[in-house]
$ cat target.cif   # mmCIF, C-alpha atoms
data_structure
loop_
_atom_site.label_atom_id
_atom_site.label_comp_id
_atom_site.auth_asym_id
_atom_site.auth_seq_id
_atom_site.Cartn_x
_atom_site.Cartn_y
_atom_site.Cartn_z
CA MET A 685 -15.98 25.13 -4.21
CA ARG A 686 -14.52 22.72 -1.65
CA ALA A 687 -11.03 21.31 -2.09
CA ILE A 688 -8.58 19.28 -0.02
CA VAL A 689 -5.40 21.31 0.51
CA PHE A 690 -1.98 20.57 2.01
CA HIS A 691 0.31 23.41 3.05
CA GLU A 692 3.58 21.56 3.66
CA TYR A 693 5.29 18.21 3.19
CA GLY A 694 3.98 15.74 5.75
CA GLY A 695 1.21 18.12 6.78
CA ALA A 696 -2.46 17.38 7.47
CA PRO A 697 -5.20 17.70 4.85
CA GLN A 698 -7.61 20.62 5.17
CA LEU A 699 -11.00 20.79 3.46
CA VAL A 700 -11.34 24.45 2.48
CA GLU A 701 -13.26 26.76 0.16
CA ARG A 702 -11.38 27.91 -2.97
CA PRO A 703 -12.35 29.85 -6.09
CA ALA A 704 -13.68 27.70 -8.93
CA PRO A 705 -11.33 27.35 -11.91
CA THR A 706 -12.20 28.42 -15.47
CA PRO A 707 -11.52 26.01 -18.35
CA GLY A 708 -9.15 27.20 -21.05
CA PRO A 709 -8.95 26.18 -24.73
CA ARG A 710 -9.03 22.39 -25.21
CA GLU A 711 -10.24 21.93 -21.63
CA VAL A 712 -13.45 20.99 -19.86
CA LEU A 713 -14.51 21.85 -16.33
CA VAL A 714 -15.58 18.71 -14.48
CA ARG A 715 -17.88 18.59 -11.47
CA VAL A 716 -16.16 15.83 -9.53
CA ARG A 717 -18.26 12.97 -8.17
CA ALA A 718 -15.46 10.58 -7.20
CA THR A 719 -11.68 10.43 -7.03
CA SER A 720 -9.45 7.47 -6.29
CA VAL A 721 -6.37 7.01 -4.15
CA ASN A 722 -3.04 5.98 -5.64
CA PRO A 723 0.26 5.70 -3.75
CA ILE A 724 1.68 8.55 -5.82
CA ASP A 725 -0.82 10.87 -4.06
CA TRP A 726 0.48 10.45 -0.52
CA LYS A 727 4.09 9.91 -1.62
CA GLN A 728 4.02 13.26 -3.40
CA VAL A 729 2.70 15.01 -0.30
CA ASP A 730 5.15 13.16 1.96
CA GLY A 731 8.03 14.27 -0.23
CA THR A 732 9.08 10.67 -0.86
CA TYR A 733 10.17 11.27 -4.45
CA ARG A 734 11.81 14.70 -4.09
CA PRO A 735 13.37 16.26 -6.10
CA ILE A 736 11.99 14.22 -9.04
CA LEU A 737 8.36 14.64 -7.94
CA THR A 738 7.62 17.73 -5.88
CA ALA A 739 4.49 19.48 -4.64
CA ARG A 740 3.84 23.21 -4.97
CA PHE A 741 1.97 24.40 -1.87
CA PRO A 742 -0.84 25.01 -1.26
CA PHE A 743 -1.29 21.65 -2.99
CA VAL A 744 -4.45 19.77 -3.95
CA PRO A 745 -3.59 16.05 -4.29
CA GLY A 746 -4.88 13.39 -6.64
CA TYR A 747 -4.95 12.59 -10.35
CA ASP A 748 -7.87 10.18 -10.99
CA LEU A 749 -11.40 11.53 -11.12
CA ALA A 750 -14.87 10.97 -12.54
CA GLY A 751 -17.77 13.35 -12.81
CA GLU A 752 -19.91 15.46 -15.13
CA VAL A 753 -18.88 18.19 -17.52
CA ALA A 754 -19.83 21.50 -15.90
CA ALA A 755 -18.51 23.90 -18.55
CA LEU A 756 -16.65 23.88 -21.85
CA GLY A 757 -13.49 25.78 -22.66
CA PRO A 758 -13.39 28.05 -25.74
CA GLY A 759 -13.87 26.08 -28.94
CA VAL A 760 -14.56 22.71 -27.30
CA THR A 761 -17.13 20.69 -29.26
CA GLU A 762 -16.14 17.11 -28.37
CA PHE A 763 -18.14 17.07 -25.12
CA SER A 764 -21.40 18.52 -23.83
CA VAL A 765 -22.40 19.96 -20.47
CA GLY A 766 -23.74 17.20 -18.22
CA GLN A 767 -21.82 14.42 -19.99
CA ARG A 768 -20.25 11.86 -17.67
CA VAL A 769 -16.45 11.67 -18.02
CA HIS A 770 -13.36 10.36 -16.31
CA THR A 771 -9.64 11.02 -16.54
CA ARG A 772 -6.15 10.72 -15.15
CA LEU A 773 -4.97 14.32 -15.04
CA SER A 774 -1.77 15.05 -16.94
CA GLY A 775 1.41 16.49 -15.47
CA GLN A 776 2.56 16.42 -11.85
CA ALA A 777 0.45 19.20 -10.35
CA GLY A 778 -2.30 16.99 -8.84
CA GLY A 779 -5.60 18.79 -8.39
CA ALA A 780 -8.22 16.02 -8.51
CA ASN A 781 -9.53 16.32 -4.95
CA ALA A 782 -11.77 19.32 -5.47
CA GLU A 783 -15.41 19.80 -6.43
CA LEU A 784 -14.50 21.42 -9.76
CA VAL A 785 -11.43 20.52 -11.83
CA CYS A 786 -10.20 21.51 -15.31
CA ALA A 787 -8.97 18.67 -17.51
CA GLY A 788 -7.45 18.65 -20.98
CA LEU A 789 -9.18 16.94 -23.88
CA ASP A 790 -6.05 14.84 -24.47
CA VAL A 791 -6.76 12.88 -21.28
CA VAL A 792 -10.57 13.02 -20.85
CA CYS A 793 -12.82 10.18 -21.94
CA ALA A 794 -16.59 9.68 -21.85
CA MET A 795 -17.64 7.11 -19.24
CA PRO A 796 -19.06 3.81 -20.51
CA GLU A 797 -22.79 3.20 -20.03
CA GLY A 798 -23.48 1.39 -16.79
CA MET A 799 -20.21 2.34 -15.14
CA ASP A 800 -20.62 4.15 -11.83
CA PHE A 801 -18.49 7.08 -10.70
CA ALA A 802 -16.49 5.03 -8.18
CA GLN A 803 -15.37 2.51 -10.79
CA ALA A 804 -14.75 5.25 -13.37
CA ALA A 805 -12.53 7.15 -10.93
CA GLY A 806 -10.72 3.97 -9.94
CA LEU A 807 -9.76 2.91 -13.44
CA PRO A 808 -7.52 5.52 -15.11
CA LEU A 809 -4.10 5.40 -13.42
CA VAL A 810 -4.07 1.69 -12.60
CA GLY A 811 -5.69 0.73 -15.89
CA LEU A 812 -3.30 2.78 -17.99
CA THR A 813 -0.34 1.39 -16.05
CA ALA A 814 -1.49 -2.20 -16.49
CA LEU A 815 -2.32 -1.72 -20.17
CA GLN A 816 0.93 0.01 -21.06
CA GLY A 817 2.91 -2.38 -18.88
CA LEU A 818 1.58 -5.48 -20.60
CA ARG A 819 1.27 -4.12 -24.14
CA ASP A 820 4.31 -1.85 -24.35
CA GLY A 821 6.64 -3.02 -21.58
CA CYS A 822 6.07 -6.75 -21.98
CA LYS A 823 5.07 -6.76 -25.68
CA LEU A 824 1.96 -8.83 -24.93
CA PRO A 825 -0.69 -8.66 -27.69
CA LEU A 826 -4.13 -7.64 -26.47
CA GLU A 827 -5.73 -10.46 -28.46
CA GLY A 828 -4.60 -14.00 -29.26
CA ALA A 829 -1.83 -14.24 -26.69
CA THR A 830 -0.64 -17.78 -25.97
CA GLU A 831 2.02 -16.93 -23.42
CA ARG A 832 2.33 -17.56 -19.72
CA VAL A 833 1.93 -14.34 -17.72
CA LEU A 834 2.84 -13.75 -14.08
CA VAL A 835 1.29 -10.74 -12.31
CA ILE A 836 2.97 -9.79 -9.03
CA GLY A 837 0.62 -7.91 -6.72
CA ALA A 838 -2.41 -9.40 -8.44
CA SER A 839 -5.00 -8.15 -5.92
CA GLY A 840 -3.81 -4.54 -5.85
CA GLY A 841 -4.91 -1.64 -8.02
CA VAL A 842 -2.67 -2.22 -11.04
CA GLY A 843 -2.44 -5.96 -10.51
CA HIS A 844 -6.14 -6.76 -10.46
CA VAL A 845 -6.59 -4.91 -13.77
CA ALA A 846 -3.52 -6.59 -15.28
CA VAL A 847 -4.87 -10.06 -14.44
CA GLN A 848 -8.08 -9.28 -16.34
CA LEU A 849 -6.36 -7.70 -19.34
CA ALA A 850 -3.94 -10.61 -19.70
CA LYS A 851 -6.80 -13.10 -19.42
CA ALA A 852 -8.86 -11.15 -21.97
CA ALA A 853 -5.85 -11.48 -24.30
CA SER A 854 -6.13 -15.29 -23.92
CA ALA A 855 -2.87 -15.65 -21.98
CA HIS A 856 -2.38 -18.22 -19.22
CA VAL A 857 -2.34 -16.03 -16.11
CA THR A 858 -0.78 -16.66 -12.70
CA GLY A 859 -1.39 -14.10 -9.97
CA VAL A 860 0.70 -13.52 -6.86
CA CYS A 861 -1.12 -12.43 -3.71
CA SER A 862 -1.70 -13.34 -0.06
CA ALA A 863 -4.04 -16.10 1.09
CA LYS A 864 -6.96 -13.76 1.86
CA ASN A 865 -7.10 -12.55 -1.75
CA VAL A 866 -6.74 -15.87 -3.57
CA ASP A 867 -10.48 -16.20 -4.25
CA LEU A 868 -10.67 -12.66 -5.64
CA VAL A 869 -7.72 -13.18 -8.00
CA ARG A 870 -9.21 -16.44 -9.26
CA ARG A 871 -12.59 -14.76 -9.78
CA LEU A 872 -10.90 -12.13 -11.91
CA GLY A 873 -9.66 -14.85 -14.24
CA ALA A 874 -6.30 -16.10 -12.98
CA ASP A 875 -5.63 -19.70 -14.04
CA ALA A 876 -3.30 -20.20 -11.08
CA VAL A 877 -2.43 -18.31 -7.91
CA VAL A 878 0.84 -18.14 -5.95
CA ASP A 879 0.28 -17.41 -2.25
CA TYR A 880 3.51 -15.65 -1.31
CA THR A 881 2.87 -16.24 2.41
CA LYS A 882 3.34 -20.00 2.07
CA PRO A 883 6.69 -21.71 2.59
CA ASP A 884 8.52 -22.18 -0.73
CA PRO A 885 5.62 -20.64 -2.78
CA TRP A 886 7.51 -20.94 -6.08
CA ARG A 887 7.98 -24.69 -6.00
CA ASP A 888 6.58 -26.38 -9.10
CA VAL A 889 5.84 -23.02 -10.78
CA ALA A 890 6.72 -23.14 -14.48
CA PRO A 891 8.82 -20.45 -16.22
CA PHE A 892 6.88 -17.46 -17.54
CA ASP A 893 7.08 -15.58 -20.82
CA VAL A 894 5.93 -12.34 -19.19
CA VAL A 895 6.31 -10.98 -15.65
CA LEU A 896 4.48 -7.76 -14.76
CA ASP A 897 5.64 -6.52 -11.37
CA ALA A 898 3.04 -4.20 -9.82
CA VAL A 899 4.81 -4.16 -6.47
CA GLY A 900 8.29 -2.93 -7.32
CA GLY A 901 10.71 -5.66 -6.41
CA SER A 902 14.17 -6.15 -7.85
CA PRO A 903 14.41 -7.68 -11.34
CA SER A 904 16.96 -10.17 -10.00
CA GLN A 905 14.17 -11.77 -7.94
CA HIS A 906 12.13 -12.64 -11.00
CA LEU A 907 14.47 -13.01 -13.95
CA PRO A 908 15.15 -16.67 -13.02
CA ARG A 909 11.40 -17.29 -13.43
CA LEU A 910 11.43 -16.09 -17.05
CA SER A 911 11.69 -18.27 -20.12
CA PRO A 912 14.90 -17.76 -22.19
CA ARG A 913 13.30 -14.89 -24.15
CA GLY A 914 10.94 -13.69 -21.45
CA ARG A 915 10.04 -10.07 -20.68
CA TYR A 916 9.89 -8.41 -17.27
CA ALA A 917 8.33 -4.97 -16.68
CA SER A 918 8.16 -3.08 -13.41
CA CYS A 919 5.31 -0.67 -12.66
CA VAL A 920 7.31 0.77 -9.74
CA PRO A 921 10.76 0.95 -11.30
CA GLY A 922 13.73 1.60 -9.07
CA PRO A 923 17.38 2.13 -10.07
CA ALA A 924 17.94 -1.63 -10.47
CA VAL A 925 15.34 -1.74 -13.25
CA PHE A 926 17.04 0.98 -15.28
CA LEU A 927 20.48 -0.54 -14.72
CA ARG A 928 19.28 -3.96 -15.85
CA GLN A 929 17.45 -2.46 -18.82
CA ALA A 930 20.81 -1.23 -20.15
CA LEU A 931 21.91 -4.89 -20.38
CA ASN A 932 18.98 -6.00 -22.56
CA VAL A 933 21.17 -6.08 -25.67
CA PHE A 934 23.30 -8.76 -24.04
CA SER A 935 20.46 -11.00 -22.85
CA GLY A 936 17.50 -12.86 -24.30
CA ARG A 937 15.53 -11.85 -21.22
CA THR A 938 14.54 -8.18 -21.24
CA VAL A 939 13.68 -5.70 -18.49
CA ALA A 940 11.58 -2.55 -18.94
CA PRO A 941 10.30 0.22 -16.66
CA VAL A 942 6.63 1.16 -16.98
CA LEU A 943 6.37 4.95 -17.15
CA MET A 944 2.63 5.47 -17.45
CA LYS A 945 1.52 8.11 -19.97
CA PRO A 946 -2.02 9.43 -19.43
CA ASN A 947 -4.00 9.74 -22.65
CA ALA A 948 -7.62 9.51 -23.77
CA LYS A 949 -6.92 6.94 -26.49
CA ASP A 950 -5.65 4.27 -24.09
CA LEU A 951 -8.40 5.09 -21.58
CA ALA A 952 -10.92 4.44 -24.36
CA VAL A 953 -9.28 1.02 -24.92
CA LEU A 954 -9.85 0.20 -21.26
CA ASP A 955 -13.42 1.48 -21.41
CA ALA A 956 -14.08 -0.87 -24.32
CA PHE A 957 -13.02 -3.82 -22.17
CA VAL A 958 -15.42 -2.59 -19.47
CA THR A 959 -18.27 -2.31 -21.99
CA GLN A 960 -17.52 -5.86 -23.20
CA ARG A 961 -17.64 -7.03 -19.57
CA ARG A 962 -14.09 -8.30 -19.75
CA LEU A 963 -12.85 -5.81 -17.14
CA GLU A 964 -14.21 -4.66 -13.80
CA VAL A 965 -12.80 -2.25 -11.26
CA VAL A 966 -12.89 -3.77 -7.79
CA ILE A 967 -13.63 -1.23 -5.05
CA ASP A 968 -11.87 -1.94 -1.77
CA SER A 969 -13.40 0.88 0.27
CA THR A 970 -15.01 4.31 -0.02
CA TYR A 971 -14.46 7.42 2.13
CA PRO A 972 -15.88 10.97 2.20
CA PRO A 973 -13.46 13.86 1.51
CA GLU A 974 -13.26 14.62 5.24
CA ARG A 975 -11.59 11.23 5.76
CA LEU A 976 -8.87 11.46 3.15
CA ALA A 977 -6.26 10.76 5.84
CA ASP A 978 -7.99 7.45 6.65
CA ALA A 979 -8.15 6.54 2.97
CA TRP A 980 -4.42 7.21 2.63
CA ALA A 981 -3.72 5.13 5.74
CA ARG A 982 -5.59 2.26 4.09
CA SER A 983 -3.44 2.68 0.97
CA ARG A 984 -0.22 2.84 3.03
CA SER A 985 -1.14 -0.43 4.77
CA GLY A 986 -0.71 -2.36 1.51
CA ARG A 987 -3.80 -4.41 2.38
CA ALA A 988 -6.29 -2.89 -0.05
CA ALA A 989 -7.79 -5.30 -2.59
CA GLY A 990 -8.69 -3.19 -5.60
CA LYS A 991 -9.23 0.56 -5.42
CA ILE A 992 -9.81 3.06 -2.61
CA VAL A 993 -12.30 5.78 -3.58
CA ILE A 994 -13.17 9.25 -2.27
CA ASP A 995 -16.89 9.98 -2.76
CA TRP A 996 -17.51 13.63 -3.64
CA SER A 997 -21.15 13.20 -4.58
#

$ encode --input "target.cif" --output "C-alpha cells"
Amino acid sequence: MRAIVFHEYGGAPQLVERPAPTPGPREVLVRVRATSVNPIDWKQVDGTYRPILTARFPFVPGYDLAGEVAALGPGVTEFSVGQRVHTRLSGQAGGANAELVCAGLDVVCAMPEGMDFAQAAGLPLVGLTALQGLRDGCKLPLEGATERVLVIGASGGVGHVAVQLAKAASAHVTGVCSAKNVDLVRRLGADAVVDYTKPDPWRDVAPFDVVLDAVGGSPSQHLPRLSPRGRYASCVPGPAVFLRQALNVFSGRTVAPVLMKPNAKDLAVLDAFVTQRRLEVVIDSTYPPERLADAWARSRSGRAAGKIVIDWS
C-alpha cells in the first residue's frame, strides 16, 4: 500500500510503499478514499508541540479519514466489508495518510447517506471540537438555545461548523471573519458578522453569553465581551486559558479549554445534523497525496475557508 511518510522533524513528505496493516480485535481495516488536513498534522511533524506532542519516525501524519471497510478484526460484527465509514483516529500516533488504515470501533462511524468522502473526511476533528466546545465547554444546549453566541474564526474548519451547530440550536450567532468570507459565514446561518479587518470592528456589538474561540487568542481579549455570567471556551488553549480557568470560582464569567475527545457517539451526533441538512462541511480545496506539502502550505497560510482535503481515491 502507499503511505505518506516523514523521517525527521521538519523533513519532506515521501510517498512510499509499506506493508498493509492487519486489524486487531475491535478494529476495522479501512480503505482510505479521503483524508483532511488539520493544523495538528503539520505542527506535529514540525515539532511545534514537543515534548507534549511528539512524532515517532518513520511517521505517517493525519487523523481524519473516510473510506470503505476492507476487513474486519476478530469478533467485529458492527460493520460489514464495503461499508462506508469515517473517523478521527484516537491517540497521537497519526496514521491516516495511507491507503489502508486500522481504526478502533470506539471512534468509527458509518457515513450518512448522500455524504461524499471529502465531506466525511473533513468533518471529524473540526466537528467534534466544535460540538464539544459549544456543548461541554460553553454549556450551550443543542436545542432550544436562546443565547447570543460569538464564534471567532467563523470561516475556518472548526468555526464554520460551530456557526451551524449554534444556529441549529436556535442561538443568535455572530461570526468573526475577514471581509472575503462574510458571505460564506452568513450563508452558513450567522445572524451577524464582525469583519475583524475593519477599523474598530467591535463598535456597537452587544455582549455575548457564549464565546467560542477557534483561533486561540487570549481570554483577556474577549472576556469584556461576555455578559456577567458568560462562558468562553478556547479550541486552541494556551497557558493563559488554563491560568484563567483556575479563577472561575471567583468570577461569574468562566473560561474553559476545549480538549477534543474522539468518539463514535459524538460523531454520530454530527452525522445526524448532516442527515437533517442542518450541517454541511465546506471544502476549501482538494489535493492528491503527492501534493501534501502544498495542502499543508494552504493550511499554514490561515486563508482556507472550510476544510482542505487529500483525495486518495

$ closest_residue --input "target.cif" --among "A:Glu752, A:Asp730, A:Glu783, A:Glu831" --to "Ala853 of chain A" --atoms "all atoms listed in the file"
A:Glu831

$ atom_distance --input "target.cif" --atom1 "atom CA of His906 of chain A" --atom2 "atom CA of Ile967 of chain A"
28.8 Å

$ resolve_selection --input "target.cif" --expression "the PyMOL selection byres ((chain A and resi 951) around 9)" --output "ChimeraX atom specification"
/A:770-772,791-793,807-808,811-812,946-950,952-956

$ residues_around --input "target.cif" --residues "Gly759 of chain A" --least-positions-apart "2" --cutoff "10 Å" --atoms "only C-alpha atoms" --output "ChimeraX atom specification"
/A:708-711,756-757,761-762

$ resolve_selection --input "target.cif" --expression "the PyMOL selection byres ((chain A and resi 975) around 12)" --output "list in words"
Ile688, Ala696, Pro697, Gln698, Leu699, Val721, Ser969, Thr970, Tyr971, Pro972, Pro973, Glu974, Leu976, Ala977, Asp978, Ala979, Trp980, Ala981, Arg982, Ile992, Val993, Ile994, Asp995 and Trp996 of chain A

$ atom_distance --input "target.cif" --atom1 "atom CA of Val847 of chain A" --atom2 "atom CA of Glu964 of chain A"
10.8 Å

$ atom_distance --input "target.cif" --atom1 "atom CA of Ala780 of chain A" --atom2 "atom CA of Arg984 of chain A"
19.3 Å

$ residues_around --input "target.cif" --residues "Ala802 of chain A" --least-positions-apart "3" --cutoff "7 Å" --atoms "all atoms listed in the file" --output "PyMOL selection string"
chain A and resi 718+805-806+993

$ write_last_selection --input "target.cif" --atoms "C-alpha atoms" --output "compact mmCIF listing (two decimals), in the coordinates of the input"
# COMPACT_ATOMS: atom_id res chain seq x y z
CA ALA A 718 -15.46 10.58 -7.20
CA ALA A 805 -12.53 7.15 -10.93
CA GLY A 806 -10.72 3.97 -9.94
CA VAL A 993 -12.30 5.78 -3.58

$ residues_around --input "target.cif" --residues "Leu868 of chain A" --least-positions-apart "2" --cutoff "10 Å" --atoms "all atoms listed in the file" --output "list of chain:residue names"
A:Ala838, A:Ser839, A:His844, A:Cys861, A:Lys864, A:Asn865, A:Val866, A:Arg870, A:Arg871, A:Leu872, A:Gly873, A:Ala874, A:Val966, A:Ala989, A:Gly990

$ residues_around --input "target.cif" --residues "segment 735-748 of chain A" --least-positions-apart "2" --cutoff "8 Å" --atoms "only C-alpha atoms" --output "MDAnalysis selection string"
chainID A and resid 687:693 719:722 725:726 728:729 731 733 750 770:774 776:782 805:809

$ resolve_selection --input "target.cif" --expression "the PyMOL selection byres ((chain A and resi 705) around 9)" --output "MDAnalysis selection string"
chainID A and resid 702:704 706:707 713 784:786

$ residues_around --input "target.cif" --residues "Met795 of chain A" --least-positions-apart "6" --cutoff "7 Å" --atoms "all atoms listed in the file" --output "list in words"
Arg768, Val769, His770 and Ala804 of chain A

$ build_atoms --input "target.cif" --residues "segment 979-991 of chain A" --atoms "N, CA and C atoms" --output "compact mmCIF listing (two decimals), in the frame of the given file"
# COMPACT_ATOMS: atom_id res chain seq x y z
N ALA A 979 -8.28 7.23 4.25
CA ALA A 979 -8.15 6.54 2.97
C ALA A 979 -6.67 6.33 2.63
N TRP A 980 -5.86 7.33 2.89
CA TRP A 980 -4.42 7.21 2.63
C TRP A 980 -3.78 6.19 3.57
N ALA A 981 -4.25 6.14 4.81
CA ALA A 981 -3.72 5.13 5.74
C ALA A 981 -4.04 3.73 5.24
N ARG A 982 -5.22 3.56 4.67
CA ARG A 982 -5.59 2.26 4.09
C ARG A 982 -4.66 1.93 2.93
N SER A 983 -4.36 2.90 2.09
CA SER A 983 -3.44 2.68 0.97
C SER A 983 -2.04 2.35 1.47
N ARG A 984 -1.56 3.08 2.48
CA ARG A 984 -0.22 2.84 3.03
C ARG A 984 -0.09 1.44 3.62
N SER A 985 -1.19 0.89 4.11
CA SER A 985 -1.14 -0.43 4.77
C SER A 985 -0.77 -1.54 3.81
N GLY A 986 -0.99 -1.32 2.50
CA GLY A 986 -0.71 -2.36 1.51
C GLY A 986 -1.71 -3.50 1.53
N ARG A 987 -2.82 -3.32 2.23
CA ARG A 987 -3.80 -4.41 2.38
C ARG A 987 -5.05 -4.22 1.51
N ALA A 988 -5.10 -3.15 0.78
CA ALA A 988 -6.29 -2.89 -0.05
C ALA A 988 -6.35 -3.89 -1.20
N ALA A 989 -7.54 -4.42 -1.44
CA ALA A 989 -7.79 -5.30 -2.59
C ALA A 989 -8.63 -4.51 -3.58
N GLY A 990 -8.00 -4.06 -4.66
CA GLY A 990 -8.69 -3.19 -5.60
C GLY A 990 -8.44 -1.74 -5.25
N LYS A 991 -9.42 -0.88 -5.51
CA LYS A 991 -9.23 0.56 -5.42
C LYS A 991 -9.91 1.19 -4.20
